[in-house]
Structure formats: structure tokens, C-alpha cells
$ cat work-v8.csv   # CSV, C-alpha atoms
chain,number,residue,atom,x,y,z
A,1,MET,CA,-13.9,5.7,-19.7
A,2,PRO,CA,-12.2,4.6,-16.4
A,3,THR,CA,-13.8,1.8,-14.5
A,4,VAL,CA,-13.5,0.4,-10.9
A,5,PHE,CA,-11.4,-2.4,-12.4
A,6,ASP,CA,-8.7,0.2,-13.2
A,7,ALA,CA,-8.5,1.1,-9.5
A,8,GLN,CA,-8.6,-2.6,-8.5
A,9,GLN,CA,-5.6,-3.4,-10.8
A,10,LEU,CA,-3.7,-0.4,-9.3
A,11,ALA,CA,-4.2,-1.8,-5.7
A,12,ARG,CA,-3.0,-5.2,-6.8
A,13,ARG,CA,0.1,-3.8,-8.5
A,14,TYR,CA,0.8,-1.7,-5.3
A,15,ALA,CA,0.8,-4.9,-3.2
A,16,GLN,CA,2.9,-6.7,-5.7
A,17,ILE,CA,5.5,-3.9,-5.8
A,18,VAL,CA,5.8,-3.9,-2.0
A,19,ASP,CA,5.9,-7.6,-1.6
A,20,ASN,CA,8.5,-8.0,-4.4
A,21,ARG,CA,10.5,-5.1,-2.8
A,22,ASP,CA,10.7,-3.5,-6.2
A,23,PHE,CA,10.3,-0.1,-4.6
A,24,ASP,CA,11.6,1.9,-7.6
A,25,ALA,CA,8.6,0.6,-9.6
A,26,MET,CA,6.3,2.4,-7.2
A,27,ALA,CA,7.2,5.6,-9.1
A,28,ASP,CA,5.2,4.1,-12.0
A,29,ILE,CA,1.9,4.0,-10.1
A,30,ILE,CA,2.0,7.1,-7.8
A,31,CYS,CA,2.1,10.8,-8.6
A,32,ASP,CA,5.2,12.9,-7.9
A,33,ASP,CA,3.1,14.8,-5.3
A,34,PHE,CA,1.7,11.6,-3.8
A,35,THR,CA,0.7,11.9,-0.1
A,36,GLN,CA,0.1,9.2,2.5
A,37,GLN,CA,-1.0,9.7,6.1
A,38,GLY,CA,-0.7,6.8,8.5
A,39,PRO,CA,-1.1,6.4,12.3
A,40,GLN,CA,2.4,7.6,13.0
A,41,TRP,CA,3.8,9.0,9.7
A,42,HIS,CA,3.1,11.4,6.9
A,43,CYS,CA,4.7,11.4,3.4
A,44,SER,CA,4.3,14.4,1.2
A,45,SER,CA,6.0,13.2,-2.0
A,46,ALA,CA,6.7,10.1,-4.1
A,47,ALA,CA,10.4,10.2,-3.2
A,48,GLU,CA,9.7,10.5,0.5
A,49,PHE,CA,7.2,7.5,0.3
A,50,ILE,CA,9.6,5.3,-1.7
A,51,GLY,CA,12.3,6.1,0.8
A,52,MET,CA,10.0,5.1,3.7
A,53,LEU,CA,9.2,1.8,1.9
A,54,ARG,CA,12.9,0.9,1.9
A,55,LEU,CA,12.6,0.6,5.7
A,56,LEU,CA,10.6,-2.5,5.2
A,57,GLU,CA,13.8,-4.3,4.1
A,58,ASP,CA,15.5,-3.3,7.3
A,59,ASN,CA,12.7,-4.5,9.6
A,60,TYR,CA,11.0,-7.4,7.8
A,61,SER,CA,12.3,-10.5,6.0
A,62,ALA,CA,9.1,-10.6,3.9
A,63,THR,CA,5.7,-9.0,3.5
A,64,PHE,CA,2.5,-10.4,2.1
A,65,HIS,CA,-0.4,-8.1,1.2
A,66,MET,CA,-3.8,-9.6,0.4
A,67,VAL,CA,-6.1,-7.1,-1.3
A,68,GLY,CA,-9.8,-7.5,-0.4
A,69,ASN,CA,-12.9,-5.4,-0.8
A,70,GLN,CA,-12.7,-2.3,-3.0
A,71,LEU,CA,-15.5,0.3,-3.2
A,72,GLY,CA,-15.4,3.7,-4.9
A,73,GLN,CA,-16.4,5.7,-7.9
A,74,TRP,CA,-15.0,7.9,-10.6
A,75,GLN,CA,-16.0,11.5,-10.9
A,76,GLY,CA,-14.6,12.3,-14.3
A,77,GLU,CA,-10.9,11.5,-14.2
A,78,VAL,CA,-10.7,11.2,-10.4
A,79,TYR,CA,-11.5,8.1,-8.4
A,80,GLU,CA,-12.3,8.3,-4.7
A,81,GLY,CA,-12.4,4.9,-2.9
A,82,GLU,CA,-11.5,2.5,-0.2
A,83,THR,CA,-9.5,-0.7,-0.3
A,84,TYR,CA,-9.4,-3.3,2.4
A,85,SER,CA,-6.2,-5.3,2.9
A,86,ILE,CA,-4.5,-7.7,5.3
A,87,ALA,CA,-0.8,-7.0,5.4
A,88,SER,CA,1.5,-9.6,6.9
A,89,HIS,CA,5.0,-8.7,8.0
A,90,ILE,CA,7.5,-11.4,8.8
A,91,TYR,CA,10.4,-10.8,11.1
A,92,GLU,CA,12.6,-12.3,13.8
A,93,GLN,CA,12.8,-11.4,17.5
A,94,GLU,CA,15.2,-13.2,19.9
A,95,GLY,CA,15.6,-16.1,17.5
A,96,GLN,CA,11.9,-16.6,17.1
A,97,GLY,CA,10.1,-16.0,13.7
A,98,ARG,CA,7.1,-13.7,14.2
A,99,LYS,CA,4.3,-12.4,12.0
A,100,LEU,CA,2.7,-9.0,12.4
A,101,ASP,CA,-0.7,-8.9,10.7
A,102,MET,CA,-2.5,-5.6,10.1
A,103,ALA,CA,-6.1,-5.1,8.8
A,104,ILE,CA,-5.9,-1.9,6.7
A,105,ARG,CA,-8.5,0.3,5.1
A,106,TYR,CA,-6.9,2.5,2.5
A,107,GLN,CA,-8.7,5.8,1.7
A,108,GLU,CA,-7.4,6.6,-1.8
A,109,GLN,CA,-7.6,8.9,-4.7
A,110,VAL,CA,-6.6,7.8,-8.2
A,111,VAL,CA,-6.0,10.1,-11.2
A,112,PHE,CA,-5.1,9.6,-14.8
A,113,ARG,CA,-1.7,11.3,-15.2
A,114,ASP,CA,1.4,10.8,-17.4
A,115,GLY,CA,-0.4,8.2,-19.5
A,116,GLY,CA,-1.7,5.9,-16.7
A,117,TYR,CA,-3.7,5.6,-13.6
A,118,ARG,CA,-1.8,6.6,-10.5
A,119,TYR,CA,-2.4,7.2,-6.8
A,120,SER,CA,-2.4,10.8,-5.8
A,121,ARG,CA,-3.3,9.9,-2.2
A,122,ARG,CA,-3.5,6.7,-0.3
A,123,ASP,CA,-4.1,7.1,3.5
A,124,VAL,CA,-3.8,4.2,5.9
A,125,GLN,CA,-6.3,3.4,8.7
A,126,ILE,CA,-5.2,0.4,10.7
A,127,VAL,CA,-8.3,-1.4,12.0
A,128,TRP,CA,-6.4,-4.0,14.1
A,129,ALA,CA,-3.0,-5.5,14.5
A,130,SER,CA,-1.9,-9.0,15.7
A,131,ASP,CA,1.7,-10.0,16.5
A,132,GLN,CA,2.2,-13.7,17.0
A,133,PRO,CA,4.9,-16.4,16.8
A,134,LEU,CA,5.4,-17.7,13.3
A,135,ASN,CA,5.0,-21.4,12.7
A,136,ARG,CA,6.6,-22.3,9.4
$ encode --input "work-v8.csv" --output "C-alpha cells"
Amino acid sequence: MPTVFDAQQLARRYAQIVDNRDFDAMADIICDDFTQQGPQWHCSSAAEFIGMLRLLEDNYSATFHMVGNQLGQWQGEVYEGETYSIASHIYEQEGQGRKLDMAIRYQEQVVFRDGGYRYSRRDVQIVWASDQPLNR
């Protein structure tokens, strides 16, 4: 029987894949028909989403996703929930290191498919963003 822990582990793995820039591994935790809606984008397949993730390498020297609160419940083999996260994006502008932080609330659906738990949908709601000089 699936538990909330299964969904929590999936969120942690998602963050690890993004921060390690191991984008091909994302195919192991999302469905082929995965969708994601964000403030200015929409992906309608796993391939499209993984392609979009590769843009992170072009724009940011590093990312760091801290997974926070997770609430949700399973109805049979489908989990509907919400995950809070702070996503930090490191980049350089005019010779100055900068950090873009975003508070994100993911609205997500998890299913058991192909022998494991996978996201079928993970929509992004940005609560706030802060862009500041980086002090290393």
C-alpha cells in the first residue's frame, strides 16, 4: 500500500536530479505523458519537460532545491498533493554573482506505473521570487 513517504521520496529525488543536472534520470520518475504548467510555460510530455530542464545549464551555474512541507493523500493508486520548495538559482550578471530564490508550491499527481512511483503532473505556483547579489 502506498504511503505519503513514497511521494516525499519522489520529491526529494526530483530535486536531486535537477541539482545534479542528471536530466536524463528524470525519465525514471515521470510518466511519458507528464505535464507541467508554470507561470510562463507548459510542457505536455516527458521529452518536452526534460528538454526544458536542459535550459537550466545555459542560464544558471548551479541550482539548489530545498524540499519543505508535503501534504496529500492517496486514493487507490493515485496521489494528489502539494509540495513546498525553495529553489535557488545561481548565475552571473555583469561580472556579479547573483542568486534568484523562488518559493514554489507544486500541485502534483503521482501514479504507480512501470514498476515505480512517477509524477504524472507537477504544476508550479511561484509564491514569491527574490533576486539578490550573491556573497560567496
$ closest_residue --input "work-v8.csv" --among "A:Gln8, A:Gln109, A:Gln40, A:Thr3" --to "Asn69 of chain A" --atoms "only C-alpha atoms"
A:Gln8
$ closest_residue --input "work-v8.csv" --among "A:Met1, A:Met66, A:Leu55, A:Cys43" --to "Arg13 of chain A" --atoms "only C-alpha atoms"
A:Met66
$ closest_residue --input "work-v8.csv" --among "A:Ser88, A:Arg113, A:Gln132, A:Lys99" --to "Asp28 of chain A" --atoms "only C-alpha atoms"
A:Arg113
$ closest_residue --input "work-v8.csv" --among "A:Ile30, A:Val4, A:Ala25, A:Ile17" --to "Arg118 of chain A" --atoms "all atoms listed in the file"
A:Ile30
$ atom_distance --input "work-v8.csv" --atom1 "atom CA of Tyr79 of chain A" --atom2 "atom CA of Val110 of chain A"
4.9 Å
$ closest_residue --input "work-v8.csv" --among "A:Gly76, A:Phe5, A:Gly38, A:Gln107" --to "Arg121 of chain A" --atoms "only C-alpha atoms"
A:Gln107
$ residues_around --input "work-v8.csv" --residues "Ile29 of chain A" --least-positions-apart "3" --cutoff "7 Å" --atoms "all atoms listed in the file" --output "list in words"
Met26, Tyr117, Arg118 and Tyr119 of chain A
$ atom_distance --input "work-v8.csv" --atom1 "atom CA of Asp19 of chain A" --atom2 "atom CA of His65 of chain A"
6.9 Å
$ decode --input "work-v8.csv" --residues "segment 65-112 of chain A" --atoms "N, CA and C atoms" --output "compact mmCIF listing (two decimals), in the first residue's frame"
# COMPACT_ATOMS: atom_id res chain seq x y z
N HIS A 65 17.61 23.04 -4.59
CA HIS A 65 16.19 22.93 -4.24
C HIS A 65 16.05 22.33 -2.85
N MET A 66 15.45 23.08 -1.95
CA MET A 66 15.17 22.60 -0.60
C MET A 66 13.69 22.21 -0.54
N VAL A 67 13.43 20.94 -0.30
CA VAL A 67 12.06 20.44 -0.23
C VAL A 67 11.54 20.65 1.19
N GLY A 68 10.34 21.22 1.29
CA GLY A 68 9.75 21.52 2.60
C GLY A 68 8.49 20.72 2.86
N ASN A 69 7.45 21.41 3.29
CA ASN A 69 6.17 20.76 3.63
C ASN A 69 5.63 19.94 2.47
N GLN A 70 5.05 18.80 2.82
CA GLN A 70 4.37 17.97 1.83
C GLN A 70 3.09 17.45 2.44
N LEU A 71 2.00 17.74 1.77
CA LEU A 71 0.69 17.28 2.21
C LEU A 71 -0.03 16.67 1.03
N GLY A 72 -0.74 15.59 1.28
CA GLY A 72 -1.52 14.97 0.21
C GLY A 72 -2.06 13.64 0.69
N GLN A 73 -2.75 12.97 -0.21
CA GLN A 73 -3.27 11.65 0.14
C GLN A 73 -3.43 10.79 -1.10
N TRP A 74 -3.41 9.50 -0.84
CA TRP A 74 -3.59 8.51 -1.89
C TRP A 74 -5.06 8.14 -1.97
N GLN A 75 -5.55 8.04 -3.18
CA GLN A 75 -6.86 7.46 -3.46
C GLN A 75 -6.59 6.27 -4.37
N GLY A 76 -6.48 5.10 -3.78
CA GLY A 76 -6.08 3.93 -4.55
C GLY A 76 -4.63 4.07 -4.97
N GLU A 77 -4.37 4.03 -6.27
CA GLU A 77 -3.01 4.12 -6.80
C GLU A 77 -2.64 5.53 -7.27
N VAL A 78 -3.45 6.53 -6.93
CA VAL A 78 -3.20 7.91 -7.36
C VAL A 78 -3.04 8.81 -6.14
N TYR A 79 -1.95 9.56 -6.11
CA TYR A 79 -1.67 10.53 -5.04
C TYR A 79 -1.91 11.93 -5.58
N GLU A 80 -2.65 12.73 -4.83
CA GLU A 80 -2.84 14.15 -5.13
C GLU A 80 -2.27 14.91 -3.94
N GLY A 81 -1.35 15.83 -4.21
CA GLY A 81 -0.74 16.53 -3.09
C GLY A 81 -0.09 17.83 -3.49
N GLU A 82 0.58 18.39 -2.49
CA GLU A 82 1.25 19.67 -2.65
C GLU A 82 2.60 19.59 -1.94
N THR A 83 3.63 20.10 -2.59
CA THR A 83 4.97 20.16 -2.02
C THR A 83 5.46 21.59 -2.06
N TYR A 84 5.98 22.07 -0.92
CA TYR A 84 6.59 23.39 -0.85
C TYR A 84 8.09 23.24 -1.10
N SER A 85 8.67 24.23 -1.76
CA SER A 85 10.10 24.19 -2.04
C SER A 85 10.65 25.60 -2.15
N ILE A 86 11.91 25.75 -1.77
CA ILE A 86 12.67 26.96 -2.09
C ILE A 86 13.71 26.55 -3.12
N ALA A 87 13.66 27.18 -4.27
CA ALA A 87 14.59 26.87 -5.35
C ALA A 87 15.53 28.04 -5.55
N SER A 88 16.82 27.80 -5.36
CA SER A 88 17.84 28.83 -5.55
C SER A 88 18.54 28.58 -6.88
N HIS A 89 18.74 29.66 -7.64
CA HIS A 89 19.37 29.60 -8.96
C HIS A 89 20.54 30.58 -8.97
N ILE A 90 21.74 30.08 -9.19
CA ILE A 90 22.95 30.90 -9.16
C ILE A 90 23.36 31.25 -10.59
N TYR A 91 23.65 32.53 -10.81
CA TYR A 91 24.07 32.97 -12.13
C TYR A 91 24.94 34.21 -12.00
N GLU A 92 25.47 34.67 -13.12
CA GLU A 92 26.31 35.86 -13.11
C GLU A 92 25.71 36.90 -14.05
N GLN A 93 25.75 38.15 -13.61
CA GLN A 93 25.27 39.27 -14.43
C GLN A 93 26.25 40.42 -14.29
N GLU A 94 26.82 40.83 -15.41
CA GLU A 94 27.78 41.94 -15.43
C GLU A 94 28.92 41.72 -14.42
N GLY A 95 29.43 40.48 -14.37
CA GLY A 95 30.55 40.15 -13.51
C GLY A 95 30.20 39.94 -12.04
N GLN A 96 28.94 40.07 -11.68
CA GLN A 96 28.50 39.91 -10.29
C GLN A 96 27.71 38.61 -10.16
N GLY A 97 28.11 37.77 -9.20
CA GLY A 97 27.33 36.59 -8.89
C GLY A 97 25.98 36.99 -8.32
N ARG A 98 24.94 36.27 -8.71
CA ARG A 98 23.59 36.58 -8.24
C ARG A 98 22.88 35.29 -7.86
N LYS A 99 21.85 35.45 -7.01
CA LYS A 99 21.04 34.31 -6.58
C LYS A 99 19.57 34.67 -6.72
N LEU A 100 18.88 33.89 -7.54
CA LEU A 100 17.44 34.02 -7.69
C LEU A 100 16.79 32.93 -6.85
N ASP A 101 16.08 33.33 -5.80
CA ASP A 101 15.34 32.39 -4.96
C ASP A 101 13.86 32.46 -5.33
N MET A 102 13.23 31.30 -5.38
CA MET A 102 11.80 31.23 -5.63
C MET A 102 11.14 30.31 -4.61
N ALA A 103 10.07 30.79 -4.01
CA ALA A 103 9.23 29.95 -3.17
C ALA A 103 8.20 29.31 -4.09
N ILE A 104 8.19 27.99 -4.11
CA ILE A 104 7.33 27.26 -5.05
C ILE A 104 6.39 26.34 -4.28
N ARG A 105 5.16 26.29 -4.76
CA ARG A 105 4.19 25.29 -4.30
C ARG A 105 3.84 24.44 -5.52
N TYR A 106 4.27 23.18 -5.47
CA TYR A 106 3.97 22.24 -6.54
C TYR A 106 2.62 21.58 -6.26
N GLN A 107 1.74 21.59 -7.24
CA GLN A 107 0.49 20.83 -7.19
C GLN A 107 0.74 19.58 -8.03
N GLU A 108 0.68 18.41 -7.39
CA GLU A 108 1.20 17.23 -8.07
C GLU A 108 0.28 16.03 -8.01
N GLN A 109 0.47 15.18 -9.00
CA GLN A 109 -0.21 13.90 -9.04
C GLN A 109 0.85 12.83 -9.27
N VAL A 110 0.81 11.79 -8.46
CA VAL A 110 1.75 10.68 -8.55
C VAL A 110 0.94 9.41 -8.83
N VAL A 111 1.48 8.57 -9.70
CA VAL A 111 0.84 7.29 -10.01
C VAL A 111 1.89 6.19 -9.92
N PHE A 112 1.43 4.96 -9.78
CA PHE A 112 2.33 3.80 -9.85
C PHE A 112 2.27 3.28 -11.27
